[in-house]
Amino acid sequence: MHLRKTSAVLAATAVAALALTACDDGGGPGAAAPASAGASSGSGGSGSPSGSPGGGTQASASASPSDSASGPSSGDTCRTADLSFSSSGGMAEGEVLINLRNTGSSSCSMRGFPGLDLSGKDGTVSAARNTDRKAPTVTLAPGGKTNFSLNFPPNTTGGSGVTFTSAVVTPPNETHSHRMPLSVGIPADSGSAPRITVNPVGSGK
């Protein structure tokens, strides 16, 4: 009887020892934690690529066009070579409108009095400025039009008077002129010339 009990105790002790050995080598929850942490660390390293949202924003900003790019300035002075000239009747007797149109490819502007000389077989007369009118700044887009008025004493005497057949027009702030056909008749008296006047470009009525 005594030997049997001893053998049973030894057998139970051996079984307990085997159980403890299995727990040490089995990779329980405590042993799995380092491996899991290592995998998480590796994922975190690869999760920070150079093309992060911040980097994408910087690339987009550097590729945006500059806001300083613009077309030709509208302040460029209108040049004679880029204008067409024509005439039409004014609102009253003794008035002619000289029409200017921008034939250039960009906008231009002008301000002030034009120069205008009337020419004919009897000579040439220069129009004076009507300083009672203020000069606006006129900006013409391509194809845009403006005008100024030429005022003169009409020939109502019934005589031949003086007839001019052309006008030489110089736009404001220009040195080049344009000759155009224009028929103007004034009385034949020495006091007529000073009463031939021009208004500023774009001043209208």
# chains A, B, ... in the order shown; residues from 1 in each chain; ligands from 1

$ select_by_dssp --residues "stretch 107-201 of chain A" --states "strand (DSSP E)" --output "VMD selection string"
chain A and resid 108 to 111 115 to 120 123 to 126 128 to 129 137 to 140 145 to 151 162 to 170 178 to 186 197 to 198

$ residues_around --residues "stretch 162-175 of chain A" --least-positions-apart "6" --cutoff "6 Å" --atoms "only C-alpha atoms" --output "ChimeraX atom specification"
/A:112-120,181-186,188

$ atom_distance --atom1 "atom CA of A:Leu140" --atom2 "atom CA of A:Gly89"
22.0 Å

$ residues_around --residues "A:Ser109" --least-positions-apart "3" --cutoff "9 Å" --atoms "only C-alpha atoms" --output "list in words"
Ser74, Gly75, Asp76, Thr77, Cys78, Thr137, Val138, Thr139, Leu140 and Ala141 of chain A

$ write_last_selection --atoms "all heavy atoms" --output "short mmCIF file (atom, residue, chain, number, x, y, z; two decimals), in the first residue's frame"
data_model
loop_
_atom_site.label_atom_id
_atom_site.label_comp_id
_atom_site.auth_asym_id
_atom_site.auth_seq_id
_atom_site.Cartn_x
_atom_site.Cartn_y
_atom_site.Cartn_z
N SER A 74 -4.20 99.05 -71.12
CA SER A 74 -5.16 99.91 -71.79
C SER A 74 -4.73 101.36 -71.78
O SER A 74 -5.38 102.20 -72.36
CB SER A 74 -6.54 99.77 -71.11
OG SER A 74 -6.45 100.22 -69.77
N GLY A 75 -3.62 101.66 -71.07
CA GLY A 75 -3.14 103.03 -71.00
C GLY A 75 -2.24 103.43 -72.15
O GLY A 75 -1.78 104.58 -72.20
N ASP A 76 -1.91 102.53 -73.08
CA ASP A 76 -1.06 102.87 -74.21
C ASP A 76 -1.71 103.96 -75.04
O ASP A 76 -2.91 103.92 -75.32
CB ASP A 76 -0.80 101.64 -75.09
CG ASP A 76 0.05 100.60 -74.37
OD1 ASP A 76 0.69 100.96 -73.37
OD2 ASP A 76 0.06 99.44 -74.80
N THR A 77 -0.93 104.94 -75.46
CA THR A 77 -1.46 106.05 -76.25
C THR A 77 -1.91 105.58 -77.62
O THR A 77 -1.23 104.80 -78.28
CB THR A 77 -0.40 107.15 -76.41
OG1 THR A 77 -0.02 107.61 -75.10
CG2 THR A 77 -0.94 108.32 -77.20
N CYS A 78 -3.08 106.04 -78.04
CA CYS A 78 -3.57 105.71 -79.39
C CYS A 78 -2.67 106.38 -80.43
O CYS A 78 -2.47 107.60 -80.40
CB CYS A 78 -5.01 106.19 -79.57
SG CYS A 78 -6.21 105.34 -78.53
N THR A 137 -10.54 111.38 -70.36
CA THR A 137 -9.68 110.30 -70.86
C THR A 137 -10.55 109.28 -71.56
O THR A 137 -11.52 108.78 -70.99
CB THR A 137 -8.91 109.64 -69.71
OG1 THR A 137 -8.06 110.60 -69.09
CG2 THR A 137 -8.06 108.47 -70.22
N VAL A 138 -10.22 108.98 -72.80
CA VAL A 138 -11.01 108.06 -73.62
C VAL A 138 -10.19 106.79 -73.86
O VAL A 138 -9.05 106.87 -74.34
CB VAL A 138 -11.40 108.70 -74.97
CG1 VAL A 138 -12.16 107.70 -75.83
CG2 VAL A 138 -12.22 109.96 -74.75
N THR A 139 -10.74 105.64 -73.50
CA THR A 139 -10.08 104.36 -73.75
C THR A 139 -10.86 103.60 -74.81
O THR A 139 -12.07 103.43 -74.69
CB THR A 139 -10.01 103.51 -72.47
OG1 THR A 139 -9.25 104.21 -71.49
CG2 THR A 139 -9.34 102.16 -72.74
N LEU A 140 -10.15 103.15 -75.84
CA LEU A 140 -10.78 102.45 -76.95
C LEU A 140 -10.31 101.00 -77.00
O LEU A 140 -9.11 100.75 -77.14
CB LEU A 140 -10.44 103.14 -78.29
CG LEU A 140 -10.91 104.60 -78.47
CD1 LEU A 140 -10.46 105.10 -79.83
CD2 LEU A 140 -12.42 104.71 -78.33
N ALA A 141 -11.24 100.08 -76.89
CA ALA A 141 -10.92 98.68 -77.15
C ALA A 141 -10.73 98.50 -78.65
O ALA A 141 -11.11 99.37 -79.43
CB ALA A 141 -12.06 97.80 -76.64
#

$ closest_residue --among "A:Gly202, A:Pro187, A:Pro142, A:Gly123" --to "A:Pro154" --atoms "only C-alpha atoms"
A:Pro187

$ residues_around --residues "stretch 90-107 of chain A" --least-positions-apart "6" --cutoff "6 Å" --atoms "only C-alpha atoms" --output "PyMOL selection string"
chain A and resi 74+82-84+140-154

$ select_by_dssp --residues "stretch 55-177 of chain A" --states "helix (DSSP H, G or I)" --output "JSON, numbers by chain"
{"A": [55, 56, 57, 58, 59, 60, 61, 62, 63, 80, 81, 82]}

$ closest_residue --among "A:Asn130, A:Asp189, A:Thr156, A:Thr80" --to "A:Met110" --atoms "only C-alpha atoms"
A:Thr80

$ closest_residue --among "A:Arg79, A:Cys108, A:Ala127, A:Asp122" --to "A:Ser160" --atoms "only C-alpha atoms"
A:Asp122

$ atom_distance --atom1 "atom CA of A:Ser88" --atom2 "atom CA of A:Asn155"
18.2 Å

$ atom_distance --atom1 "atom CA of A:Phe85" --atom2 "atom CA of A:Thr131"
23.2 Å
